[in-house]
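Asks: Contents of my_file.csv (CSV, C-alpha atoms) are given next:
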```
chain,number,residue,atom,x,y,z
A,6,MET,CA,86.5,53.3,115.3
A,7,SER,CA,84.1,53.1,112.4
A,8,SER,CA,83.2,49.8,110.8
A,9,LYS,CA,83.1,51.3,107.3
A,10,PRO,CA,85.4,49.6,104.8
A,11,THR,CA,89.0,50.5,104.8
A,12,LYS,CA,89.8,49.3,101.3
A,13,LYS,CA,91.5,51.9,99.3
A,14,TYR,CA,93.3,49.9,96.6
A,15,PHE,CA,91.2,48.3,93.9
A,16,GLU,CA,93.3,45.7,92.2
A,17,ASN,CA,91.4,45.7,89.0
A,18,LEU,CA,91.5,49.4,88.4
A,19,ASP,CA,95.0,49.3,87.0
A,20,GLY,CA,94.0,46.9,84.2
A,21,LEU,CA,91.0,49.2,83.4
A,22,ARG,CA,93.4,52.2,83.1
A,23,ALA,CA,95.5,50.2,80.7
A,24,LEU,CA,92.6,49.4,78.5
A,25,ALA,CA,91.5,53.0,78.5
A,26,ALA,CA,95.0,54.2,77.6
A,27,PHE,CA,95.3,51.8,74.6
A,28,SER,CA,91.9,52.7,73.3
A,29,VAL,CA,93.3,56.3,72.9
A,30,ILE,CA,96.6,55.0,71.5
A,31,PHE,CA,94.9,52.8,68.9
A,32,THR,CA,92.5,55.5,67.9
A,33,HIS,CA,95.4,57.9,67.2
A,34,LEU,CA,97.2,55.2,65.2
A,35,SER,CA,94.0,54.5,63.2
A,36,TYR,CA,94.4,58.0,61.6
A,37,PHE,CA,97.1,56.5,59.4
A,38,ILE,CA,94.8,53.9,57.9
A,39,LEU,CA,93.4,55.1,54.5
A,40,PRO,CA,89.9,53.4,54.3
A,41,ASP,CA,90.2,52.9,50.5
A,42,THR,CA,89.1,49.3,50.7
A,43,LYS,CA,86.5,47.5,52.7
A,44,LEU,CA,89.2,45.6,54.6
A,45,LYS,CA,91.0,48.8,55.6
A,46,PHE,CA,87.7,50.5,56.5
A,47,GLY,CA,86.9,47.6,58.8
A,48,ILE,CA,90.4,47.6,60.4
A,49,LYS,CA,90.2,51.4,60.9
A,50,ALA,CA,86.7,51.0,62.5
A,51,ILE,CA,88.0,48.4,64.9
A,52,PHE,CA,91.2,50.3,65.8
A,53,SER,CA,89.2,53.5,66.5
A,54,PHE,CA,86.3,51.6,67.9
A,55,GLY,CA,83.8,53.0,65.5
A,56,GLY,CA,85.6,56.4,65.4
A,57,VAL,CA,85.0,57.3,69.1
A,58,GLY,CA,87.5,55.0,70.8
A,59,GLY,CA,89.8,57.9,71.8
A,60,ARG,CA,87.0,60.0,73.3
A,61,LEU,CA,85.5,57.1,75.1
A,62,GLY,CA,88.9,56.1,76.5
A,63,VAL,CA,89.1,59.6,78.0
A,64,ILE,CA,85.6,59.4,79.4
A,65,PHE,CA,86.5,56.1,81.0
A,66,PHE,CA,89.5,57.8,82.6
A,67,PHE,CA,87.3,60.6,83.9
A,68,ILE,CA,84.8,58.2,85.5
A,69,LEU,CA,87.6,56.1,87.0
A,70,SER,CA,89.2,59.3,88.4
A,71,GLY,CA,86.0,60.5,89.9
A,72,PHE,CA,85.3,57.1,91.5
A,73,LEU,CA,88.7,56.6,93.0
A,74,ILE,CA,89.3,60.2,94.2
A,75,THR,CA,85.9,60.4,95.8
A,76,TYR,CA,86.2,57.0,97.4
A,77,LEU,CA,89.5,57.9,99.0
A,78,LEU,CA,88.0,61.2,100.3
A,79,PHE,CA,85.1,59.2,101.9
A,80,THR,CA,87.7,57.0,103.5
A,81,GLU,CA,89.8,59.9,104.8
A,82,GLN,CA,86.7,61.7,106.1
A,83,GLU,CA,85.4,58.6,107.9
A,84,PHE,CA,88.7,57.6,109.6
A,85,SER,CA,90.3,61.0,110.1
A,86,LYS,CA,87.1,63.0,110.7
A,87,ASN,CA,88.2,65.7,108.3
A,88,ILE,CA,89.7,66.3,104.8
A,89,GLN,CA,93.1,67.8,104.8
A,90,ILE,CA,92.8,69.8,101.5
A,91,GLY,CA,96.4,71.0,101.5
A,92,LYS,CA,97.7,67.4,101.6
A,93,PHE,CA,95.2,66.4,98.9
A,94,TYR,CA,96.7,69.0,96.6
A,95,ILE,CA,100.2,67.9,97.4
A,96,ARG,CA,99.4,64.3,96.5
A,97,ARG,CA,97.9,65.4,93.2
A,98,VAL,CA,100.9,67.6,92.4
A,99,LEU,CA,103.4,64.8,93.1
A,100,ARG,CA,101.3,62.4,90.9
A,101,ILE,CA,100.5,64.6,87.9
A,102,TRP,CA,103.0,67.5,87.6
A,103,PRO,CA,106.5,65.8,87.0
A,104,LEU,CA,105.6,63.9,83.8
A,105,TYR,CA,103.2,66.6,82.6
A,106,PHE,CA,105.8,69.3,82.6
A,107,ILE,CA,108.5,67.1,81.1
A,108,THR,CA,106.2,66.2,78.2
A,109,LEU,CA,105.4,69.9,77.8
A,110,ILE,CA,109.1,70.7,77.3
A,111,ILE,CA,109.3,67.9,74.7
A,112,GLY,CA,106.1,69.0,73.0
A,113,PHE,CA,106.8,72.7,72.9
A,114,PHE,CA,110.5,72.6,72.0
A,115,ILE,CA,112.2,69.2,71.2
A,116,ILE,CA,109.7,67.6,68.8
A,117,PRO,CA,109.0,70.9,66.9
A,118,TYR,CA,112.8,71.4,66.5
A,119,LEU,CA,113.3,67.8,65.3
A,120,LYS,CA,110.4,68.2,62.8
A,121,GLY,CA,111.8,71.6,61.6
A,122,VAL,CA,108.6,73.5,62.3
A,123,GLY,CA,110.2,76.0,64.7
A,124,HIS,CA,107.9,76.0,67.7
A,125,GLU,CA,104.5,74.7,68.7
A,126,ASN,CA,101.6,77.0,67.8
A,127,ALA,CA,99.9,76.8,71.2
A,128,SER,CA,99.7,79.0,74.3
A,129,GLY,CA,102.5,78.0,76.6
A,130,TRP,CA,101.0,79.9,79.5
A,131,MET,CA,97.7,78.1,79.2
A,132,TYR,CA,99.5,74.8,79.3
A,133,LEU,CA,101.6,75.9,82.3
A,134,LEU,CA,98.4,76.9,84.1
A,135,PHE,CA,96.6,73.6,83.2
A,136,LEU,CA,94.2,75.3,80.8
A,137,ALA,CA,95.1,73.4,77.7
A,138,ASN,CA,91.5,72.4,77.2
A,139,PHE,CA,90.5,76.1,77.0
A,140,ASP,CA,93.5,76.7,74.6
A,141,HIS,CA,91.9,74.1,72.3
A,142,ILE,CA,88.6,75.8,72.5
A,143,LEU,CA,90.0,79.3,71.9
A,144,HIS,CA,92.8,78.7,69.5
A,145,GLY,CA,92.2,75.2,68.0
A,146,PHE,CA,94.4,72.2,68.3
A,147,PRO,CA,98.2,72.3,68.4
A,148,THR,CA,100.2,72.3,65.2
A,149,VAL,CA,102.3,69.4,66.4
A,150,SER,CA,100.1,66.7,67.8
A,151,VAL,CA,102.3,65.9,70.9
A,152,LEU,CA,100.3,68.3,73.0
A,153,GLY,CA,96.9,67.1,71.8
A,154,VAL,CA,96.3,64.8,74.7
A,155,HIS,CA,97.2,67.2,77.6
A,156,TRP,CA,93.7,68.7,77.6
A,157,SER,CA,92.2,65.8,79.6
A,158,VAL,CA,94.9,66.1,82.2
A,159,CYS,CA,94.1,69.7,82.6
A,160,VAL,CA,90.4,68.9,83.0
A,161,GLU,CA,91.3,66.6,85.8
A,162,GLU,CA,93.5,69.2,87.5
A,163,GLN,CA,90.7,71.7,87.3
A,164,PHE,CA,88.5,69.1,88.9
A,165,TYR,CA,91.0,68.4,91.7
A,166,ILE,CA,91.1,72.1,92.6
A,167,PHE,CA,87.5,72.4,93.6
A,168,TRP,CA,86.5,68.8,94.3
A,169,PRO,CA,87.9,68.5,97.9
A,170,VAL,CA,86.4,71.9,98.8
A,171,LEU,CA,83.0,70.8,97.4
A,172,PHE,CA,83.3,67.5,99.1
A,173,TYR,CA,84.0,69.3,102.4
A,174,LEU,CA,80.9,71.5,101.9
A,175,LEU,CA,78.6,68.5,101.1
A,176,LYS,CA,79.4,66.7,104.3
A,177,GLY,CA,76.1,64.9,104.7
A,178,LYS,CA,75.6,61.7,102.7
A,179,LYS,CA,72.3,62.9,101.4
A,180,TYR,CA,73.6,66.3,100.4
A,181,PHE,CA,76.6,64.8,98.5
A,182,LEU,CA,74.3,62.5,96.4
A,183,TYR,CA,71.9,65.4,95.6
A,184,GLY,CA,74.9,67.6,94.8
A,185,MET,CA,76.3,65.0,92.3
A,186,ILE,CA,72.9,64.6,90.6
A,187,GLY,CA,72.6,68.4,90.3
A,188,LEU,CA,76.1,68.7,88.8
A,189,ILE,CA,75.4,66.0,86.3
A,190,ILE,CA,72.2,67.7,85.2
A,191,ILE,CA,74.1,71.1,85.0
A,192,SER,CA,77.0,69.6,83.0
A,193,GLU,CA,74.7,67.8,80.5
A,194,SER,CA,72.5,70.8,80.1
A,195,TYR,CA,75.5,73.1,79.5
A,196,TYR,CA,76.8,70.8,76.8
A,197,LEU,CA,73.4,70.2,75.3
A,198,PHE,CA,72.5,73.9,75.0
A,199,TYR,CA,75.9,75.6,74.7
A,200,GLY,CA,79.0,73.4,74.7
A,201,GLN,CA,78.3,71.4,71.5
A,202,ASN,CA,77.8,74.6,69.5
A,203,TYR,CA,81.5,75.6,69.5
A,204,LYS,CA,84.7,73.9,68.5
A,205,ALA,CA,86.1,71.6,71.2
A,206,GLY,CA,83.1,72.5,73.4
A,207,ASP,CA,83.1,69.0,75.0
A,208,TYR,CA,86.7,69.8,76.3
A,209,ASN,CA,85.3,72.3,78.7
A,210,LEU,CA,85.4,71.4,82.4
A,211,ILE,CA,81.7,71.9,82.7
A,212,SER,CA,81.0,69.6,79.8
A,213,CYS,CA,83.2,66.9,81.2
A,214,LEU,CA,82.1,67.3,84.8
A,215,LYS,CA,79.2,64.8,84.4
A,216,TYR,CA,81.6,61.9,83.9
A,217,LEU,CA,83.7,62.8,87.0
A,218,CYS,CA,80.5,63.2,89.0
A,219,ILE,CA,79.2,59.8,87.8
A,220,GLY,CA,82.4,58.4,89.2
A,221,GLY,CA,81.6,60.2,92.4
A,222,VAL,CA,78.1,58.6,92.5
A,223,ILE,CA,79.7,55.1,92.0
A,224,ALA,CA,82.0,55.9,94.9
A,225,TYR,CA,79.1,57.0,97.1
A,226,PHE,CA,77.2,53.7,96.6
A,227,SER,CA,80.3,51.6,96.7
A,228,TYR,CA,81.2,53.1,100.1
A,229,PHE,CA,77.9,53.7,101.9
A,230,LYS,CA,75.8,51.0,100.1
A,231,LEU,CA,78.5,48.3,99.8
A,232,LYS,CA,76.3,45.4,100.9
A,233,PHE,CA,73.6,46.4,98.4
A,234,ILE,CA,76.1,46.8,95.6
A,235,THR,CA,77.7,43.5,96.4
A,236,VAL,CA,74.4,41.6,96.6
A,237,PHE,CA,73.1,43.2,93.4
A,238,MET,CA,76.3,42.5,91.4
A,239,ASN,CA,76.5,38.9,92.6
A,240,LYS,CA,72.9,38.2,91.5
A,241,ILE,CA,74.1,38.7,87.9
A,242,ASN,CA,75.3,35.3,86.7
A,243,LYS,CA,78.4,34.8,84.5
A,244,PHE,CA,76.4,34.2,81.3
A,245,PHE,CA,74.5,37.5,81.7
A,246,THR,CA,77.7,39.3,82.5
A,247,ILE,CA,79.3,38.1,79.3
A,248,LEU,CA,76.1,39.1,77.4
A,249,ILE,CA,76.3,42.6,78.8
A,250,TYR,CA,80.0,42.9,77.8
A,251,VAL,CA,79.5,41.5,74.3
A,252,VAL,CA,76.3,43.4,73.4
A,253,SER,CA,77.6,46.7,74.8
A,254,LEU,CA,80.9,46.5,73.0
A,255,ILE,CA,79.2,45.5,69.7
A,256,PHE,CA,76.8,48.4,70.0
A,257,ILE,CA,79.6,50.9,70.9
A,258,LEU,CA,81.6,49.6,67.9
A,259,ILE,CA,78.8,50.2,65.4
A,260,GLN,CA,76.8,53.0,67.0
A,261,HIS,CA,78.5,55.7,64.9
A,262,LYS,CA,77.6,53.9,61.7
A,263,LEU,CA,74.0,53.3,63.0
A,264,LEU,CA,73.3,56.8,64.4
A,265,GLY,CA,76.1,59.1,63.1
A,266,HIS,CA,73.9,60.6,60.5
A,267,PHE,CA,71.4,61.9,63.0
A,268,ALA,CA,71.8,65.4,64.4
A,269,PHE,CA,71.2,64.2,68.0
A,270,TYR,CA,74.1,61.7,67.9
A,271,GLU,CA,76.6,64.2,69.2
A,272,VAL,CA,74.5,64.4,72.4
A,273,VAL,CA,73.7,60.7,72.9
A,274,TYR,CA,76.8,58.9,71.7
A,275,ASP,CA,78.2,58.6,75.2
A,276,ILE,CA,75.0,57.3,76.9
A,277,VAL,CA,75.5,53.5,76.3
A,278,PRO,CA,79.3,53.7,76.8
A,279,THR,CA,78.9,55.5,80.1
A,280,LEU,CA,76.4,53.0,81.4
A,281,PHE,CA,78.6,50.2,80.3
A,282,PHE,CA,81.7,51.8,82.0
A,283,VAL,CA,79.7,52.1,85.3
A,284,PHE,CA,78.8,48.4,85.0
A,285,VAL,CA,82.4,47.5,84.3
A,286,ILE,CA,83.7,49.3,87.3
A,287,LEU,CA,81.2,47.6,89.6
A,288,ASP,CA,81.7,44.3,88.0
A,289,GLN,CA,85.5,44.4,88.2
A,290,ASN,CA,85.5,45.6,91.8
A,291,PHE,CA,82.5,43.8,93.5
A,292,ALA,CA,81.2,40.9,91.4
A,293,LYS,CA,82.2,37.3,92.1
A,294,ASN,CA,80.7,36.1,88.9
A,295,SER,CA,82.6,38.1,86.4
A,296,PHE,CA,84.1,36.0,83.6
A,297,PHE,CA,87.5,37.7,84.0
A,298,LYS,CA,89.2,40.2,86.3
A,299,THR,CA,91.9,42.5,84.9
A,300,GLY,CA,93.8,42.2,88.2
A,301,ASN,CA,94.5,38.5,87.4
A,302,TYR,CA,96.7,39.5,84.4
A,303,SER,CA,100.0,40.8,85.6
A,304,ILE,CA,100.7,42.4,82.2
A,305,LEU,CA,97.5,44.5,82.4
A,306,THR,CA,98.3,45.4,86.0
A,307,TYR,CA,101.7,46.7,85.0
A,308,LEU,CA,100.4,48.5,81.9
A,309,GLY,CA,97.9,50.1,84.2
A,310,LYS,CA,100.6,51.3,86.6
A,311,ILE,CA,102.4,53.0,83.7
A,312,SER,CA,99.2,54.1,82.0
A,313,TYR,CA,99.8,57.8,82.7
A,314,GLY,CA,103.0,57.5,80.8
A,315,LEU,CA,101.3,55.6,78.0
A,316,TYR,CA,98.8,58.3,77.6
A,317,LEU,CA,101.2,61.3,77.7
A,318,THR,CA,104.1,59.8,75.7
A,319,HIS,CA,102.4,57.9,72.9
A,320,MET,CA,102.1,61.0,70.8
A,321,ILE,CA,105.8,61.7,71.4
A,322,ALA,CA,106.7,58.2,70.3
A,323,MET,CA,104.4,58.6,67.2
A,324,ASN,CA,106.0,61.8,66.1
A,325,ILE,CA,109.5,60.3,66.5
A,326,VAL,CA,108.6,57.4,64.4
A,327,LEU,CA,107.2,59.7,61.8
A,328,LEU,CA,110.6,61.3,61.4
A,329,PHE,CA,111.8,58.0,59.9
A,330,VAL,CA,108.6,56.5,58.3
A,331,LYS,CA,107.7,58.9,55.5
A,332,ASN,CA,104.7,57.0,54.2
A,333,PRO,CA,103.0,55.7,57.3
A,334,SER,CA,99.8,54.7,55.4
A,335,GLU,CA,101.9,52.3,53.3
A,336,ASN,CA,104.0,51.0,56.2
A,337,LEU,CA,101.4,50.5,58.8
A,338,TRP,CA,103.0,47.5,60.6
A,339,ILE,CA,106.3,49.5,61.0
A,340,MET,CA,104.4,52.5,62.1
A,341,TYR,CA,102.2,50.7,64.6
A,342,SER,CA,104.9,48.3,66.1
A,343,SER,CA,107.5,51.1,66.4
A,344,THR,CA,105.1,53.5,68.0
A,345,ILE,CA,103.8,51.0,70.5
A,346,LEU,CA,107.3,49.7,71.4
A,347,LEU,CA,108.7,53.2,71.8
A,348,THR,CA,105.7,54.2,73.9
A,349,LEU,CA,106.2,51.2,76.2
A,350,ILE,CA,109.9,52.0,76.6
A,351,PHE,CA,109.1,55.7,77.4
A,352,SER,CA,106.4,54.7,79.8
A,353,HIS,CA,108.5,52.1,81.6
A,354,LEU,CA,111.4,54.5,82.0
A,355,SER,CA,109.1,57.3,83.1
A,356,TYR,CA,107.5,55.2,85.8
A,357,LYS,CA,110.7,53.7,87.0
A,358,TYR,CA,112.9,56.8,87.1
A,359,ILE,CA,110.4,59.8,87.4
A,360,GLU,CA,107.0,58.9,88.6
A,361,SER,CA,108.1,56.3,91.2
A,362,TYR,CA,110.5,58.8,92.7
A,363,PHE,CA,107.7,61.3,93.4
A,364,LEU,CA,105.1,58.6,94.3
A,365,LYS,CA,107.1,57.5,97.3
A,366,TYR,CA,106.8,61.0,98.7
A,367,LYS,CA,103.1,61.1,97.8
A,368,ASP,CA,102.3,58.3,100.3
A,369,SER,CA,103.7,60.3,103.2
A,370,PHE,CA,100.9,62.9,102.7
A,371,SER,CA,98.2,60.3,103.0
A,372,ARG,CA,96.4,59.7,106.3
A,373,ILE,CA,94.7,56.4,105.3
```
Output the structure of this file as structure tokens.

Replies:
Amino acid sequence: MSSKPTKKYFENLDGLRALAAFSVIFTHLSYFILPDTKLKFGIKAIFSFGGVGGRLGVIFFFILSGFLITYLLFTEQEFSKNIQIGKFYIRRVLRIWPLYFITLIIGFFIIPYLKGVGHENASGWMYLLFLANFDHILHGFPTVSVLGVHWSVCVEEQFYIFWPVLFYLLKGKKYFLYGMIGLIIISESYYLFYGQNYKAGDYNLISCLKYLCIGGVIAYFSYFKLKFITVFMNKINKFFTILIYVVSLIFILIQHKLLGHFAFYEVVYDIVPTLFFVFVILDQNFAKNSFFKTGNYSILTYLGKISYGLYLTHMIAMNIVLLFVKNPSENLWIMYSSTILLTLIFSHLSYKYIESYFLKYKDSFSRI
């Protein structure tokens, strides 16, 4: 039996998922703030995290997914000597599909009917085939915003299709790392020279692949270089850890104002946030000197467990609230509190009565 680590549950990842989900939710809520005063402008900037909070939340999700999926595959390969690709796909189906398709029904039929707009102006076939990101690229964004968040789920599903196959082909440790570096370069080059030149170009799988691969690189070092990672992270004292968090968050908050007028900003806006996200994942999972651990807060842990529901249902909640709040910009507190409360209710019910039911079957297809 190998002596490699068997850990496959990272207790602080749930809290990180919750923070990522709420960064998207608050960004979407910030659209209702009219920045007609300095105070409102400041509040809008904070809620949207400088205007990029939603996009950065999705990037964080991608990096987390790449890290966790790759780490679990390393563990399965080490202890089972092979990757059962079929079971991998079944686990992903049980986790992703039930709520995804339920929210599609709500987004395509129920919400448009309630809003009196007839039907959603989006390609149902592309959503059914997990190609919503390409529907955004080809046809623009949905008329009713309920389906506006599904594109990132589709990117991850596309990633899941080829990832275990690629993982199987790159069996050697050295080849896997070289493969990840190569894919990161290809992804960034594609976006730099092509993707950024057309609408929603950063929604393309190739454009997003670099974030998932960065998560894979983190998993590689966390699994095969665990001692090095642990020693390195524990050399960073608590004061310096706090400094990294504070300085990074402040820069991310103001970077759009500082650099937004430069043409190169669309290419570099994600560099500091991505490096920060890598640090956060390592700090939360392996550092003893972190000034806080999200796993120590039960509310964050629970919100992380229901974060898939938070992400997919918050636009449903928002559209329902808009049926009753006719002037959201003048009734922000009602708009915000009602949307968040309704999102929490939907997510709790979804996790308890839908997701949990399928998750209990998902574990039976795991070999580790």

Asks: Determine, for each residue of range 63-176 of chain A having at least one atom at most 12 Å from an atom of range 260-275 of chain A, the closest pair of atoms and their separation in Å to one decimal, counting only C-alpha atoms; order by chain and ascending number, as a Markdown table.

Replies:
```
| residue | atom | partner | partner_atom | distance |
| --- | --- | --- | --- | --- |
| A:Val63 | CA | A:Asp275 | CA | 11.3 |
| A:Ile64 | CA | A:Asp275 | CA | 8.5 |
| A:Phe65 | CA | A:Asp275 | CA | 10.4 |
```

Asks: To one decimal place, how far is CA of Cys159 in chain A from CA of Gly71 in chain A in Å?

Replies: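 Between CA of Cys159 in chain A and CA of Gly71 in chain A the gap is 14.3 Å.
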
Asks: Can you pull out every residue within 12 Å of Trp102 in chain A, counting all atoms listed in the file, but drop anything in the same chain fewer than 3 positions away, and send it as a PyMOL selection string?

Replies: chain A and resi 94-99+105-109+132-135+155+158-159+161-162+313+317+359-360+363-364

Asks: Out of A:Leu328, A:Phe256, A:Ile38, A:Ile30, which residue has the shortest atom-to-atom distance to Gly55 in chain A when counting only C-alpha atoms?

Replies: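 Smallest separation from Gly55 in chain A among the options: A:Phe256.
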
Asks: Of the candidates A:Ser361, A:Thr32, A:Ser53, A:Gln289, which one gets nearest to Ile257 in chain A if we count all atoms listed in the file?

Replies: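 Of A:Ser361, A:Thr32, A:Ser53, A:Gln289, the one nearest Ile257 in chain A is A:Ser53, counting all atoms listed in the file.
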
Asks: Under the rule that only C-alpha atoms are counted, which of A:Ser85, A:Asn324, A:Thr306, A:Asn332 is the nearest residue to Thr344 in chain A?

Replies: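 Smallest separation from Thr344 in chain A among the options: A:Asn324.
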
Asks: Give me the residues near Val149 in chain A as a VMD selection string, where near means some atom within 12 Å (using all atoms listed in the file) and where sequence neighbours in that chain fewer than 2 positions away do not count.

Replies: chain A and resid 109 111 to 127 145 to 147 151 to 154 320 to 321 323 to 325 327

Asks: Which one of A:Pro278, A:Gly47, A:Gly314, A:Gly59 sits closest to Phe31 in chain A if you count only C-alpha atoms?

Replies: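 Once distances to Phe31 in chain A are computed over only C-alpha atoms, the minimum belongs to A:Gly59.
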
Asks: When distances are computed from only C-alpha atoms, which of A:Ala137, A:Ile219, A:Leu346, A:Ile110 shows the smallest separation from Leu73 in chain A?

Replies: A:Ile219

Asks: At what distance in Å, to one decimal, does CA of Ser352 in chain A lie from CA of Phe297 in chain A?

Replies: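 Separation of CA of Phe297 in chain A and CA of Ser352 in chain A: 25.8 Å.
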
Asks: Please provide the set of residues having any atom within 10 Å of Leu24 in chain A, restricted to only C-alpha atoms, with same-chain residues fewer than 4 positions apart removed, written as a PDB file with C-alpha atoms, in the coordinates of the input.

Replies:
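Result written to part04.pdb:
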```pdb
ATOM      1  CA  LEU A  18      91.500  49.400  88.400  1.00  0.00           C
ATOM      2  CA  ASP A  19      95.000  49.300  87.000  1.00  0.00           C
ATOM      3  CA  GLY A  20      94.000  46.900  84.200  1.00  0.00           C
ATOM      4  CA  SER A  28      91.900  52.700  73.300  1.00  0.00           C
ATOM      5  CA  VAL A  29      93.300  56.300  72.900  1.00  0.00           C
ATOM      6  CA  ILE A  30      96.600  55.000  71.500  1.00  0.00           C
ATOM      7  CA  GLY A  62      88.900  56.100  76.500  1.00  0.00           C
ATOM      8  CA  PHE A  65      86.500  56.100  81.000  1.00  0.00           C
ATOM      9  CA  PHE A  66      89.500  57.800  82.600  1.00  0.00           C
ATOM     10  CA  THR A 299      91.900  42.500  84.900  1.00  0.00           C
ATOM     11  CA  LEU A 305      97.500  44.500  82.400  1.00  0.00           C
ATOM     12  CA  LEU A 308     100.400  48.500  81.900  1.00  0.00           C
ATOM     13  CA  GLY A 309      97.900  50.100  84.200  1.00  0.00           C
ATOM     14  CA  SER A 312      99.200  54.100  82.000  1.00  0.00           C
TER      15      SER A 312
END
```

Asks: Can range 133-146 of chain A be brought up to N, CA and C atoms and written out as a PDB file, in the frame of the given file?

Replies:
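The resulting file, selection.pdb, is shown below:
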```pdb
ATOM      1  N   LEU A 133     100.933  75.779  80.954  1.00  0.00           N
ATOM      2  CA  LEU A 133     101.600  75.900  82.300  1.00  0.00           C
ATOM      3  C   LEU A 133     100.571  75.987  83.387  1.00  0.00           C
ATOM      4  N   LEU A 134      99.462  76.647  83.097  1.00  0.00           N
ATOM      5  CA  LEU A 134      98.400  76.900  84.100  1.00  0.00           C
ATOM      6  C   LEU A 134      97.337  75.803  84.055  1.00  0.00           C
ATOM      7  N   PHE A 135      97.590  74.721  83.348  1.00  0.00           N
ATOM      8  CA  PHE A 135      96.600  73.600  83.200  1.00  0.00           C
ATOM      9  C   PHE A 135      95.309  74.087  82.627  1.00  0.00           C
ATOM     10  N   LEU A 136      95.420  74.849  81.557  1.00  0.00           N
ATOM     11  CA  LEU A 136      94.200  75.300  80.800  1.00  0.00           C
ATOM     12  C   LEU A 136      94.294  74.935  79.365  1.00  0.00           C
ATOM     13  N   ALA A 137      94.968  73.826  79.081  1.00  0.00           N
ATOM     14  CA  ALA A 137      95.100  73.400  77.700  1.00  0.00           C
ATOM     15  C   ALA A 137      93.783  73.122  77.033  1.00  0.00           C
ATOM     16  N   ASN A 138      92.805  72.622  77.792  1.00  0.00           N
ATOM     17  CA  ASN A 138      91.500  72.400  77.200  1.00  0.00           C
ATOM     18  C   ASN A 138      90.857  73.666  76.695  1.00  0.00           C
ATOM     19  N   PHE A 139      91.054  74.771  77.420  1.00  0.00           N
ATOM     20  CA  PHE A 139      90.500  76.100  77.000  1.00  0.00           C
ATOM     21  C   PHE A 139      91.357  76.630  75.820  1.00  0.00           C
ATOM     22  N   ASP A 140      92.642  76.279  75.769  1.00  0.00           N
ATOM     23  CA  ASP A 140      93.500  76.700  74.600  1.00  0.00           C
ATOM     24  C   ASP A 140      92.931  76.027  73.348  1.00  0.00           C
ATOM     25  N   HIS A 141      92.520  74.754  73.457  1.00  0.00           N
ATOM     26  CA  HIS A 141      91.900  74.100  72.300  1.00  0.00           C
ATOM     27  C   HIS A 141      90.640  74.776  71.865  1.00  0.00           C
ATOM     28  N   ILE A 142      89.842  75.181  72.847  1.00  0.00           N
ATOM     29  CA  ILE A 142      88.600  75.800  72.500  1.00  0.00           C
ATOM     30  C   ILE A 142      88.792  77.195  71.880  1.00  0.00           C
ATOM     31  N   LEU A 143      89.749  77.957  72.402  1.00  0.00           N
ATOM     32  CA  LEU A 143      90.000  79.300  71.900  1.00  0.00           C
ATOM     33  C   LEU A 143      90.815  79.400  70.663  1.00  0.00           C
ATOM     34  N   HIS A 144      91.824  78.545  70.565  1.00  0.00           N
ATOM     35  CA  HIS A 144      92.800  78.700  69.500  1.00  0.00           C
ATOM     36  C   HIS A 144      92.908  77.464  68.571  1.00  0.00           C
ATOM     37  N   GLY A 145      92.114  76.441  68.814  1.00  0.00           N
ATOM     38  CA  GLY A 145      92.200  75.200  68.000  1.00  0.00           C
ATOM     39  C   GLY A 145      93.278  74.297  68.518  1.00  0.00           C
ATOM     40  N   PHE A 146      93.484  73.216  67.797  1.00  0.00           N
ATOM     41  CA  PHE A 146      94.400  72.200  68.300  1.00  0.00           C
ATOM     42  C   PHE A 146      95.838  72.524  67.914  1.00  0.00           C
TER      43      PHE A 146
END
```
